[in-house]
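Shown next: start_7.tsv, given as TSV, C-alpha atoms.
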```tsv
chain	number	residue	atom	x	y	z
A	33	MET	CA	114.69	122.53	92.29
A	34	LYS	CA	117.46	124.91	93.46
A	35	LYS	CA	119.01	122.10	95.50
A	36	LEU	CA	118.89	119.79	92.52
A	37	ALA	CA	120.47	122.43	90.29
A	38	LEU	CA	123.24	123.07	92.80
A	39	LEU	CA	123.94	119.36	93.17
A	40	ALA	CA	123.94	118.93	89.40
A	41	MET	CA	126.47	121.77	89.11
A	42	GLY	CA	128.58	120.16	91.80
A	43	ILE	CA	128.49	116.82	90.02
A	44	LEU	CA	129.47	118.51	86.76
A	45	VAL	CA	132.45	120.21	88.39
A	46	LEU	CA	133.46	116.93	90.03
A	47	GLY	CA	133.15	115.15	86.70
A	48	LEU	CA	135.31	117.68	84.85
A	49	HIS	CA	137.88	117.58	87.60
A	50	SER	CA	137.95	113.78	87.74
A	51	ASN	CA	138.30	113.55	83.96
A	52	ALA	CA	141.22	115.97	83.99
A	53	LEU	CA	142.97	113.84	86.59
A	54	ARG	CA	142.08	110.46	85.11
A	55	ALA	CA	144.85	110.38	82.53
A	56	GLN	CA	147.43	111.41	85.12
A	57	GLU	CA	146.34	108.83	87.67
A	58	GLU	CA	145.84	105.70	85.59
A	59	SER	CA	149.29	104.35	86.47
A	60	ALA	CA	148.60	104.87	90.17
A	61	GLU	CA	145.10	103.40	90.18
A	62	ASP	CA	146.03	100.44	92.35
A	63	GLN	CA	147.51	102.73	95.00
A	64	LYS	CA	144.32	104.70	95.66
A	65	ILE	CA	142.94	104.51	99.17
A	66	VAL	CA	139.83	106.65	98.59
A	67	THR	CA	137.90	107.02	95.34
A	68	VAL	CA	134.97	109.34	94.68
A	69	SER	CA	132.35	108.92	91.96
A	70	ALA	CA	129.06	110.58	91.10
A	71	GLN	CA	126.00	109.82	89.04
A	72	ALA	CA	122.95	111.72	87.80
A	73	GLU	CA	119.89	110.06	86.29
A	74	MET	CA	116.91	111.66	84.54
A	75	ILE	CA	113.84	109.62	83.55
A	76	LEU	CA	110.98	110.78	81.34
A	77	GLN	CA	108.20	108.21	81.44
A	78	GLY	CA	104.69	108.00	80.01
A	79	LEU	CA	101.68	105.66	79.87
A	80	LEU	CA	99.96	104.41	76.74
A	81	ASN	CA	96.62	102.61	76.46
A	82	SER	CA	95.99	103.29	80.15
A	83	ASP	CA	92.35	104.45	80.06
A	84	SER	CA	90.93	100.98	80.71
A	85	ALA	CA	93.26	100.29	83.63
A	86	ILE	CA	92.65	103.69	85.24
A	87	LYS	CA	88.88	103.36	84.84
A	88	GLN	CA	88.68	99.89	86.35
A	89	GLN	CA	91.12	100.69	89.16
A	90	ASN	CA	89.22	103.86	90.04
A	91	LEU	CA	86.15	101.68	90.60
A	92	LEU	CA	88.17	99.50	92.99
A	93	GLY	CA	89.89	102.32	94.85
A	94	LEU	CA	93.30	101.39	93.40
A	95	ALA	CA	93.80	104.64	91.47
A	96	THR	CA	92.55	108.22	91.40
A	97	ALA	CA	94.23	109.39	88.20
A	98	GLN	CA	92.20	110.84	85.36
A	99	GLU	CA	91.84	108.87	82.16
A	100	GLY	CA	94.14	109.81	79.31
A	101	ASP	CA	97.78	109.30	78.50
A	102	ILE	CA	100.06	110.38	81.34
A	103	MET	CA	103.66	111.59	81.45
A	104	ASP	CA	105.96	112.01	84.44
A	105	GLY	CA	109.58	112.92	85.03
A	106	THR	CA	112.03	112.09	87.81
A	107	ILE	CA	115.61	113.09	88.55
A	108	GLY	CA	118.10	111.61	90.96
A	109	SER	CA	121.73	112.19	91.92
A	110	GLN	CA	124.22	110.24	93.98
A	111	ILE	CA	127.79	110.70	95.18
A	112	GLN	CA	129.74	107.63	96.32
A	113	PHE	CA	132.87	107.35	98.44
A	114	GLN	CA	134.85	104.12	98.54
A	115	ALA	CA	137.87	103.47	100.73
A	116	ARG	CA	140.13	100.46	101.15
A	117	VAL	CA	143.10	99.68	103.38
A	118	GLY	CA	145.07	96.65	102.31
A	119	ASP	CA	143.33	93.68	100.69
A	120	TYR	CA	140.58	92.95	103.21
A	121	PHE	CA	139.38	96.21	104.76
A	122	SER	CA	137.06	98.62	102.98
A	123	GLY	CA	134.35	101.20	103.50
A	124	PHE	CA	131.55	102.66	101.44
A	125	ALA	CA	129.29	105.70	101.71
A	126	SER	CA	126.74	107.21	99.34
A	127	VAL	CA	124.65	110.37	99.52
A	128	GLU	CA	121.67	110.89	97.26
A	129	LEU	CA	118.70	113.12	96.54
A	130	GLY	CA	115.97	113.21	93.92
A	131	GLU	CA	112.62	114.60	92.90
A	132	GLY	CA	109.51	113.25	91.20
A	133	ASN	CA	106.94	110.59	92.10
A	134	GLY	CA	106.96	108.52	88.91
A	135	LEU	CA	104.04	106.77	87.23
A	136	ASP	CA	103.45	104.52	90.22
A	137	SER	CA	101.66	107.42	91.90
A	138	GLU	CA	98.98	107.25	89.20
A	139	LEU	CA	97.73	103.65	89.48
A	140	THR	CA	98.61	100.36	91.18
A	141	THR	CA	100.75	97.55	89.80
A	142	ILE	CA	102.66	94.69	91.41
A	143	SER	CA	105.67	95.21	89.15
A	144	PHE	CA	106.12	99.00	89.46
A	145	PHE	CA	107.19	101.29	86.62
A	146	ASN	CA	109.87	103.18	88.57
A	147	PHE	CA	110.01	101.91	92.13
A	148	ASP	CA	112.94	104.02	93.33
A	149	ALA	CA	111.05	107.25	92.68
A	150	GLN	CA	108.96	106.51	95.81
A	151	SER	CA	111.97	106.74	98.10
A	152	ALA	CA	113.46	109.87	96.51
A	153	SER	CA	114.12	112.74	98.89
A	154	LYS	CA	114.51	116.39	97.94
A	155	SER	CA	117.10	116.73	100.70
A	156	ALA	CA	120.49	115.07	100.57
A	157	THR	CA	120.31	111.85	102.59
A	158	ILE	CA	122.75	109.07	103.42
A	159	ASP	CA	121.81	106.10	101.29
A	160	GLN	CA	124.47	103.67	102.50
A	161	LEU	CA	127.27	103.82	105.06
A	162	TRP	CA	129.18	100.65	105.96
A	163	VAL	CA	132.57	99.12	106.66
A	164	ARG	CA	133.87	95.64	105.86
A	165	GLY	CA	136.85	93.82	107.29
A	166	GLY	CA	138.24	90.35	107.84
A	167	THR	CA	140.41	87.84	106.05
A	168	GLN	CA	140.46	86.13	102.67
A	169	TYR	CA	137.97	83.52	103.88
A	170	VAL	CA	135.84	85.25	106.52
A	171	SER	CA	134.76	88.88	106.67
A	172	PHE	CA	132.12	91.01	108.35
A	173	LEU	CA	130.15	94.01	107.11
A	174	PHE	CA	128.40	96.50	109.39
A	175	GLY	CA	126.42	99.67	108.79
A	176	GLN	CA	123.47	101.05	106.85
A	177	VAL	CA	123.14	98.66	103.92
A	178	ASP	CA	121.02	98.36	100.77
A	179	TRP	CA	120.04	94.68	100.86
A	180	ILE	CA	119.24	94.64	97.14
A	181	ARG	CA	122.94	95.31	96.39
A	182	GLN	CA	123.99	92.39	98.61
A	183	PHE	CA	121.35	89.67	98.06
A	184	ASP	CA	119.49	88.25	95.05
A	185	THR	CA	121.95	90.02	92.78
A	186	ASN	CA	122.13	89.10	89.11
A	187	ALA	CA	124.55	89.98	86.30
A	188	VAL	CA	121.71	90.55	83.81
A	189	ALA	CA	118.83	91.89	85.91
A	190	ASN	CA	119.73	93.83	89.06
A	191	SER	CA	120.25	97.51	88.17
A	192	GLU	CA	117.28	99.82	87.61
A	193	VAL	CA	119.78	102.42	86.36
A	194	TYR	CA	121.47	100.49	83.53
A	195	GLN	CA	119.32	97.40	83.00
A	196	PHE	CA	115.60	96.71	83.50
A	197	LEU	CA	113.58	99.46	85.14
A	198	THR	CA	110.57	97.57	86.50
A	199	ARG	CA	111.01	96.24	90.04
A	200	SER	CA	110.04	92.69	89.04
A	201	PHE	CA	113.36	92.33	87.18
A	202	VAL	CA	115.57	94.16	89.70
A	203	THR	CA	114.90	91.74	92.55
A	204	ASN	CA	112.44	88.97	93.34
A	205	PRO	CA	109.16	90.62	94.44
A	206	VAL	CA	108.28	87.84	96.92
A	207	ILE	CA	111.20	88.89	99.16
A	208	TYR	CA	109.84	90.75	102.18
A	209	GLY	CA	112.89	92.75	103.18
A	210	PRO	CA	113.37	95.55	105.70
A	211	ASN	CA	110.40	97.93	105.64
A	212	GLY	CA	108.81	95.40	103.30
A	213	SER	CA	105.39	96.99	103.56
A	214	ALA	CA	106.98	100.43	103.49
A	215	ASN	CA	106.78	102.44	106.67
A	216	THR	CA	104.06	104.87	105.56
A	217	SER	CA	104.50	107.04	108.65
A	218	GLN	CA	107.93	108.12	107.36
A	219	GLY	CA	106.68	109.43	104.04
A	220	ALA	CA	109.54	108.34	101.80
A	221	ASN	CA	110.20	104.64	102.27
A	222	ARG	CA	113.49	103.83	104.00
A	223	PHE	CA	114.69	100.43	102.88
A	224	ASN	CA	118.38	100.74	103.80
A	225	THR	CA	118.61	99.89	107.47
A	226	LEU	CA	121.23	98.91	110.04
A	227	SER	CA	122.76	95.51	109.30
A	228	LEU	CA	125.42	93.07	110.46
A	229	MET	CA	126.59	90.60	107.83
A	230	ALA	CA	129.00	87.65	107.85
A	231	ILE	CA	130.57	86.51	104.56
A	232	ILE	CA	132.30	83.13	104.31
A	233	THR	CA	134.29	82.49	101.12
A	234	PRO	CA	135.93	79.05	101.16
A	235	SER	CA	136.90	79.36	97.49
A	236	GLU	CA	136.63	81.81	94.62
A	237	ASN	CA	133.62	79.88	93.30
A	238	LEU	CA	131.64	79.52	96.53
A	239	GLU	CA	130.35	82.07	99.03
A	240	PHE	CA	127.87	82.03	101.91
A	241	LYS	CA	126.35	85.20	103.32
A	242	TYR	CA	124.20	85.67	106.42
A	243	ALA	CA	122.85	89.03	107.52
A	244	VAL	CA	120.52	90.48	110.12
A	245	PHE	CA	118.77	93.77	109.30
A	246	GLU	CA	116.80	96.06	111.54
A	247	ASN	CA	113.32	96.09	110.10
A	248	ASP	CA	111.76	99.51	110.63
A	249	GLY	CA	114.83	101.74	110.31
A	250	ASP	CA	114.20	103.83	113.42
A	251	MET	CA	117.03	102.27	115.51
A	252	ASN	CA	115.15	103.21	118.68
A	253	LYS	CA	114.64	99.71	120.01
A	254	ILE	CA	116.07	96.59	118.40
A	255	GLU	CA	114.52	93.28	119.44
A	256	PRO	CA	113.96	89.84	117.83
A	257	LYS	CA	110.58	90.74	116.36
A	258	ASP	CA	112.17	93.77	114.69
A	259	LEU	CA	114.69	91.78	112.61
A	260	VAL	CA	114.96	90.50	109.05
A	261	HIS	CA	117.24	87.54	108.29
A	262	PHE	CA	118.94	86.81	104.96
A	263	ALA	CA	120.91	83.62	104.23
A	264	GLU	CA	122.29	83.09	100.72
A	265	LEU	CA	124.53	80.54	99.01
A	266	ASP	CA	126.32	81.83	95.90
A	267	MET	CA	127.96	79.50	93.39
A	268	LYS	CA	130.07	80.58	90.41
A	269	TRP	CA	131.42	78.71	87.41
A	270	GLY	CA	132.80	79.26	83.96
A	271	ILE	CA	132.12	77.54	80.65
A	272	GLY	CA	135.23	78.51	78.79
A	273	GLU	CA	135.34	82.28	79.16
A	274	ASN	CA	131.60	82.49	79.86
A	275	PRO	CA	130.81	83.07	83.57
A	276	GLY	CA	127.71	81.73	85.29
A	277	ASN	CA	126.14	82.21	88.72
A	278	LEU	CA	123.52	80.49	90.89
A	279	ARG	CA	122.11	82.00	94.08
A	280	VAL	CA	119.77	80.39	96.60
A	281	LEU	CA	118.30	82.76	99.19
A	282	TYR	CA	116.16	82.31	102.30
A	283	THR	CA	114.57	85.44	103.76
A	284	GLU	CA	112.68	85.65	107.05
A	285	ASN	CA	110.97	88.83	108.25
A	286	ASP	CA	110.06	88.57	111.94
A	287	GLY	CA	108.89	92.19	112.22
A	288	ALA	CA	105.34	92.99	113.29
A	289	LYS	CA	103.59	93.41	109.96
A	290	THR	CA	100.08	93.69	108.64
A	291	LEU	CA	99.37	90.52	106.74
A	292	PHE	CA	97.28	90.79	103.59
A	293	THR	CA	94.86	88.05	104.60
A	294	ASP	CA	92.52	90.14	106.75
A	295	GLY	CA	94.33	93.47	107.10
A	296	THR	CA	95.05	93.08	110.81
A	297	SER	CA	98.37	93.52	112.55
A	298	SER	CA	100.27	90.30	113.14
A	299	THR	CA	103.68	89.18	114.33
A	300	ASP	CA	103.64	86.03	112.21
A	301	THR	CA	106.84	85.42	110.29
A	302	ILE	CA	106.82	86.09	106.54
A	303	ALA	CA	109.43	83.92	104.83
A	304	SER	CA	110.42	83.13	101.26
A	305	VAL	CA	112.83	80.98	99.26
A	306	THR	CA	114.19	82.30	95.98
A	307	VAL	CA	116.55	81.04	93.29
A	308	ASN	CA	118.18	83.04	90.52
A	309	ALA	CA	120.82	82.28	87.91
A	310	ASP	CA	122.64	83.97	85.05
A	311	GLN	CA	124.84	82.56	82.30
A	312	ALA	CA	126.88	84.27	79.62
A	313	VAL	CA	127.24	82.74	76.16
A	314	GLY	CA	129.50	85.00	74.17
A	315	ARG	CA	127.85	88.42	73.79
A	316	VAL	CA	124.52	87.07	75.06
A	317	SER	CA	123.70	86.59	78.75
A	318	PHE	CA	120.60	84.84	80.11
A	319	PHE	CA	118.88	85.10	83.49
A	320	GLY	CA	116.08	83.39	85.37
A	321	ARG	CA	114.37	83.93	88.73
A	322	TYR	CA	111.87	81.96	90.78
A	323	GLY	CA	110.60	82.57	94.29
A	324	THR	CA	107.79	81.51	96.57
A	325	VAL	CA	106.56	82.53	100.00
A	326	LEU	CA	106.25	79.86	102.67
A	327	ASP	CA	102.93	78.86	104.24
A	328	ASN	CA	101.21	81.04	101.60
A	329	ARG	CA	101.82	84.12	103.77
A	330	ALA	CA	102.42	86.92	101.30
A	331	GLY	CA	103.44	90.29	102.68
A	332	MET	CA	102.17	93.69	101.66
A	333	PHE	CA	103.73	96.82	100.23
A	334	PHE	CA	102.76	100.47	100.32
A	335	SER	CA	100.44	101.79	97.62
A	336	PRO	CA	99.23	105.39	97.49
A	337	TYR	CA	95.67	104.08	97.20
A	338	THR	CA	95.36	101.03	99.45
A	339	THR	CA	97.08	100.07	102.70
A	340	SER	CA	96.69	96.35	102.01
A	341	MET	CA	98.24	95.86	98.60
A	342	THR	CA	99.42	92.30	98.33
A	343	MET	CA	102.81	91.05	97.26
A	344	PRO	CA	102.87	87.99	94.99
A	345	ASN	CA	102.94	84.56	96.61
A	346	TRP	CA	105.16	83.24	93.82
A	347	HIS	CA	107.13	84.77	90.98
A	348	LEU	CA	108.77	83.52	87.79
A	349	SER	CA	110.80	85.55	85.31
A	350	GLY	CA	113.52	85.23	82.71
A	351	GLY	CA	115.23	87.11	79.92
A	352	LEU	CA	118.46	88.02	78.20
A	353	SER	CA	120.81	90.82	77.30
A	354	VAL	CA	123.01	91.24	74.24
A	355	LYS	CA	126.14	93.41	74.35
A	356	GLU	CA	128.50	94.97	71.79
A	357	LEU	CA	125.71	96.23	69.54
A	358	PRO	CA	125.69	99.40	67.39
A	359	LEU	CA	126.15	102.71	69.21
A	360	ARG	CA	128.10	100.82	71.90
A	361	GLY	CA	124.73	99.37	72.72
A	362	GLU	CA	123.19	96.72	74.93
A	363	PHE	CA	119.74	95.20	74.33
A	364	GLY	CA	117.64	93.63	77.09
A	365	LEU	CA	114.43	91.58	76.95
A	366	ALA	CA	112.55	90.02	79.90
A	367	TYR	CA	109.17	88.53	80.83
A	368	GLY	CA	107.74	87.77	84.26
A	369	PHE	CA	104.64	86.52	86.04
A	370	ASN	CA	103.56	87.54	89.56
A	371	HIS	CA	101.00	85.10	90.97
A	372	LEU	CA	98.58	86.71	93.42
A	373	PRO	CA	97.02	85.15	96.55
A	374	THR	CA	93.45	83.87	96.36
A	375	GLU	CA	92.38	86.43	98.98
A	376	TRP	CA	93.42	89.26	96.66
A	377	GLN	CA	91.61	87.70	93.71
A	378	ASN	CA	88.47	87.52	95.86
A	379	ARG	CA	88.87	91.14	96.91
A	380	ILE	CA	89.05	92.26	93.26
A	381	THR	CA	85.93	90.24	92.45
A	382	ASN	CA	83.93	91.61	95.38
A	383	ALA	CA	85.18	95.19	95.46
A	384	GLY	CA	83.15	96.29	92.46
A	385	GLY	CA	79.88	95.08	93.97
A	386	THR	CA	76.85	94.24	91.85
A	387	THR	CA	77.00	97.58	90.01
A	388	ASN	CA	80.56	97.24	88.73
A	389	PRO	CA	81.48	93.54	88.95
A	390	GLN	CA	85.13	92.77	88.26
A	391	ASP	CA	86.95	89.72	86.96
A	392	ALA	CA	90.11	88.89	88.88
A	393	ASP	CA	93.12	87.39	87.17
A	394	LYS	CA	95.43	84.95	88.93
A	395	GLY	CA	98.37	87.20	88.42
A	396	GLU	CA	100.04	90.14	86.74
A	397	GLN	CA	102.19	89.64	83.65
A	398	VAL	CA	105.05	92.01	82.87
A	399	GLY	CA	107.47	92.37	79.98
A	400	GLU	CA	110.22	94.87	79.25
A	401	ILE	CA	112.73	95.76	76.55
A	402	TYR	CA	115.51	98.36	76.64
A	403	TYR	CA	118.41	99.51	74.50
A	404	ARG	CA	121.31	101.18	76.30
A	405	MET	CA	123.51	103.39	74.16
A	406	LYS	CA	126.79	104.85	75.41
A	407	VAL	CA	127.17	108.30	73.87
A	408	ASN	CA	130.63	108.54	75.43
A	409	ASP	CA	132.39	107.37	78.59
A	410	LEU	CA	130.15	109.60	80.69
A	411	VAL	CA	126.67	109.59	79.15
A	412	SER	CA	124.25	106.72	78.46
A	413	ILE	CA	120.80	107.02	76.88
A	414	ILE	CA	118.33	104.17	77.47
A	415	PRO	CA	114.97	103.98	75.64
A	416	ASP	CA	112.70	101.49	77.40
A	417	LEU	CA	109.24	99.94	77.01
A	418	ILE	CA	107.32	98.13	79.79
A	419	TYR	CA	104.22	96.00	79.13
A	420	ILE	CA	101.81	95.02	81.93
A	421	GLN	CA	98.83	92.70	81.49
A	422	SER	CA	96.15	92.68	84.24
A	423	PRO	CA	97.75	95.40	86.42
A	424	ALA	CA	97.29	94.57	90.12
A	425	GLY	CA	95.46	91.42	89.04
A	426	VAL	CA	92.42	93.20	87.52
A	427	GLU	CA	91.60	91.07	84.48
A	428	ASP	CA	89.12	93.57	83.02
A	429	CYS	CA	91.95	96.08	82.45
A	430	LYS	CA	93.42	96.15	78.98
A	431	ALA	CA	97.18	95.73	78.74
A	432	LEU	CA	99.00	99.01	79.22
A	433	PHE	CA	102.45	100.23	78.18
A	434	ALA	CA	104.95	102.54	79.85
A	435	TYR	CA	107.58	104.10	77.60
A	436	SER	CA	110.60	105.89	78.99
A	437	THR	CA	113.93	107.46	78.19
A	438	ARG	CA	116.66	107.35	80.79
A	439	VAL	CA	119.69	109.63	80.61
A	440	VAL	CA	122.51	108.57	82.94
A	441	VAL	CA	125.66	110.59	83.55
A	442	ASP	CA	128.59	108.95	85.38
A	443	PHE	CA	131.68	110.70	86.67
```

Give the structure from the file, written as structure tokens.
Amino acid sequence: MKKLALLAMGILVLGLHSNALRAQEESAEDQKIVTVSAQAEMILQGLLNSDSAIKQQNLLGLATAQEGDIMDGTIGSQIQFQARVGDYFSGFASVELGEGNGLDSELTTISFFNFDAQSASKSATIDQLWVRGGTQYVSFLFGQVDWIRQFDTNAVANSEVYQFLTRSFVTNPVIYGPNGSANTSQGANRFNTLSLMAIITPSENLEFKYAVFENDGDMNKIEPKDLVHFAELDMKWGIGENPGNLRVLYTENDGAKTLFTDGTSSTDTIASVTVNADQAVGRVSFFGRYGTVLDNRAGMFFSPYTTSMTMPNWHLSGGLSVKELPLRGEFGLAYGFNHLPTEWQNRITNAGGTTNPQDADKGEQVGEIYYRMKVNDLVSIIPDLIYIQSPAGVEDCKALFAYSTRVVVDF
């Protein structure tokens, strides 16, 4: 906690200093070579109506929490450095730390209540560090990269800080990215790995990106079976002054992974195709996502309670956001469905045995609403409510709710 307090004090000093200089530097904004920004986020989150889910998941070995309403808090901080030289050369670095496990340490869901809490480190760590250079039409990016900030992005649903909190609306959950199953031997999950990316931009409305990521993050030995490939086509358009975007993404993870099917180690490729779009219509913006794994080979992710927690084999979601509301507010609403492989449905059915038989659902349904209020240019407060039906595909569980309040401070 002392480290967090010291970092918070440092961020506060940086914020006061940057605000004092902001008015003096506005006219010279375009001349800046290096810019520094900082952010602190605090989340207080609790579960409602969770007794049924905890009871049934305890029987299946998917949770160990005690019944009763649960509350949890997390805190995170980040400092970012951005540099640019001319029009086509830039660099980016971010350092972050945090504390708290979040509600996902209490029971298992496909959607997650606060996914980023799992990768929080109490020590300051480098989150991203990369450089980009090239020309107007072709450029290259190299370094430690967060793939979620580069691929499957969306104007309405892509930021767990300002928009939807559940992972199902931040990125498509069928994508099996670097450390897709989460390298459990490293404790905190390292998802930002070494990458080389090529970006081709033939026009302002069309872009193609291809990237290769190291899979496990150890950088000891890089070979073909230790790589993850991303290839995405981005298309942009405008209807009057209303922008729209369409993204088609192919992902292929060739790393040696443990497939869900029988829990054994395999080098079989896990691949997926996803599509997402967003469209603004005045103050309202809409989004939609769909994705499916190929050959019905769904990957797995890390759960505190089971080493073979499946990822969905297809996903569908959609929603909207409305801006310019009272209190400088923004309202968001989304619904999604994560379809689960037949093998997982069978495991749910059989895990309870004859004493505690379980009914498996075909998938997990998730909904979320939030209202972001800007107190001032620095502080945002975001009440949020997440609804999950059949968590982890256990049909016998009653629907549960996670309420939260996010406080975000930007400098």

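If you measure from each of A:Asn345, A:Thr106, A:Asn277, A:Ser82 to Ile302 of chain A using all atoms listed in the file, the closest one turns out to be A:Asn345.
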
> What is the distance, in Å and to one decimal place, between atom CA of Gly78 of chain A and atom CA of Ser317 of chain A?
Replying inline: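 According to the coordinates, atom CA of Gly78 of chain A and atom CA of Ser317 of chain A are separated by 28.7 Å.
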
> So which residues touch Val411 of chain A within 8 Å, counting all atoms listed in the file, skipping near sequence neighbours fewer than 4 positions away, as a ChimeraX atom specification?
Replying inline: /A:406-407,439-442

>> For a quick check of your reading of the model, name the residues lying within 7 Å of the coordinate (124.7, 98.2, 103.1), counting all atoms listed in the file, and write them as a list in words.
In response: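 Residues close enough to count: Gln160, Leu161, Trp162, Gly175, Gln176, Val177, Asp178, Trp179 and Asn224 of chain A.
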
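Among A:Ala85, A:Val307, A:Ala115, A:Leu365, the residue with the shortest atom-to-atom distance to Ile65 of chain A, counting all atoms listed in the file, is A:Ala115.
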
>> Between atom CA of Gln98 of chain A and atom CA of Ala434 of chain A, what distance in Å does the model show, to one decimal?
In response: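 For atom CA of Gln98 of chain A relative to atom CA of Ala434 of chain A, the distance reads 16.2 Å.
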
> When you draw a straight line from atom CA of Arg315 of chain A to atom CA of Lys355 of chain A, how long is it in Å?
Replying inline: 5.3 Å

>> Can you pull out the residues contacting Leu79 of chain A? Cut-off 9 Å, using only C-alpha atoms, and skip same-chain residues under 4 positions away; I want them as an MDAnalysis selection string.
In response: chainID A and resid 100:104 135 432:436

>> With all atoms listed in the file as the counted atoms, please give the residues lying no more than 12 Å from Leu238 of chain A, apart from itself and same-chain residues fewer than 5 positions off, as a PyMOL selection string.
In response: chain A and resi 169+231-233+264-269+277-280

>> Residues near segment 181-187 of chain A, anyone? I mean within 10 Å using all atoms listed in the file, not counting same-chain ones fewer than 6 positions away, as a ChimeraX atom specification.
In response: /A:195,201-204,207,229,241-243,262-266,275-283,306-312,317-321,353

Suppose we keep C-alpha atoms; can you now write the selection as a tab-separated table (two decimals), in the frame of the given file?
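Result file selection.tsv:
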```
chain	number	residue	atom	x	y	z
A	195	GLN	CA	119.32	97.40	83.00
A	201	PHE	CA	113.36	92.33	87.18
A	202	VAL	CA	115.57	94.16	89.70
A	203	THR	CA	114.90	91.74	92.55
A	204	ASN	CA	112.44	88.97	93.34
A	207	ILE	CA	111.20	88.89	99.16
A	229	MET	CA	126.59	90.60	107.83
A	241	LYS	CA	126.35	85.20	103.32
A	242	TYR	CA	124.20	85.67	106.42
A	243	ALA	CA	122.85	89.03	107.52
A	262	PHE	CA	118.94	86.81	104.96
A	263	ALA	CA	120.91	83.62	104.23
A	264	GLU	CA	122.29	83.09	100.72
A	265	LEU	CA	124.53	80.54	99.01
A	266	ASP	CA	126.32	81.83	95.90
A	275	PRO	CA	130.81	83.07	83.57
A	276	GLY	CA	127.71	81.73	85.29
A	277	ASN	CA	126.14	82.21	88.72
A	278	LEU	CA	123.52	80.49	90.89
A	279	ARG	CA	122.11	82.00	94.08
A	280	VAL	CA	119.77	80.39	96.60
A	281	LEU	CA	118.30	82.76	99.19
A	282	TYR	CA	116.16	82.31	102.30
A	283	THR	CA	114.57	85.44	103.76
A	306	THR	CA	114.19	82.30	95.98
A	307	VAL	CA	116.55	81.04	93.29
A	308	ASN	CA	118.18	83.04	90.52
A	309	ALA	CA	120.82	82.28	87.91
A	310	ASP	CA	122.64	83.97	85.05
A	311	GLN	CA	124.84	82.56	82.30
A	312	ALA	CA	126.88	84.27	79.62
A	317	SER	CA	123.70	86.59	78.75
A	318	PHE	CA	120.60	84.84	80.11
A	319	PHE	CA	118.88	85.10	83.49
A	320	GLY	CA	116.08	83.39	85.37
A	321	ARG	CA	114.37	83.93	88.73
A	353	SER	CA	120.81	90.82	77.30
```

> Can you list, as a ChimeraX atom specification, every protein, DNA or RNA residue that comes within 8 Å of Phe245 of chain A when you count all atoms listed in the file, leaving out same-chain residues fewer than 5 positions away?
Replying inline: /A:210,225-228,259-261

> Of the residues A:Ile111, A:Ala230, A:Ala189, A:Leu129, which is the one nearest to Gly166 of chain A, using all atoms listed in the file?
Replying inline: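 Counting all atoms listed in the file, the residue closest to Gly166 of chain A is A:Ala230.
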
> When distances are computed from only C-alpha atoms, which of A:Asp119, A:Asp416, A:Glu400, A:Asp83 shows the smallest separation from Arg164 of chain A?
Replying inline: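 Nearest to Arg164 of chain A: A:Asp119.
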
> For Val426 of chain A, which residue out of A:Val193, A:Val170, A:Leu94, A:Leu80 is the nearest one, using all atoms listed in the file?
Replying inline: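 Checking each candidate against Val426 of chain A, we get A:Leu94 as the closest.
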
>> Within 9 Å of (117.2, 100.9, 76.9) (file coordinates; all atoms listed in the file), which protein or nucleic acid residues are there? I'd like them as a ChimeraX atom specification.
In response: /A:194-196,361-364,401-405,413-417,436-438

> With distances taken over only C-alpha atoms, which of A:Ser200, A:Thr301, A:Gln112, A:Asn382 is nearest to Val68 of chain A?
Replying inline: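 The shortest atom-to-atom distance to Val68 of chain A comes from A:Gln112.
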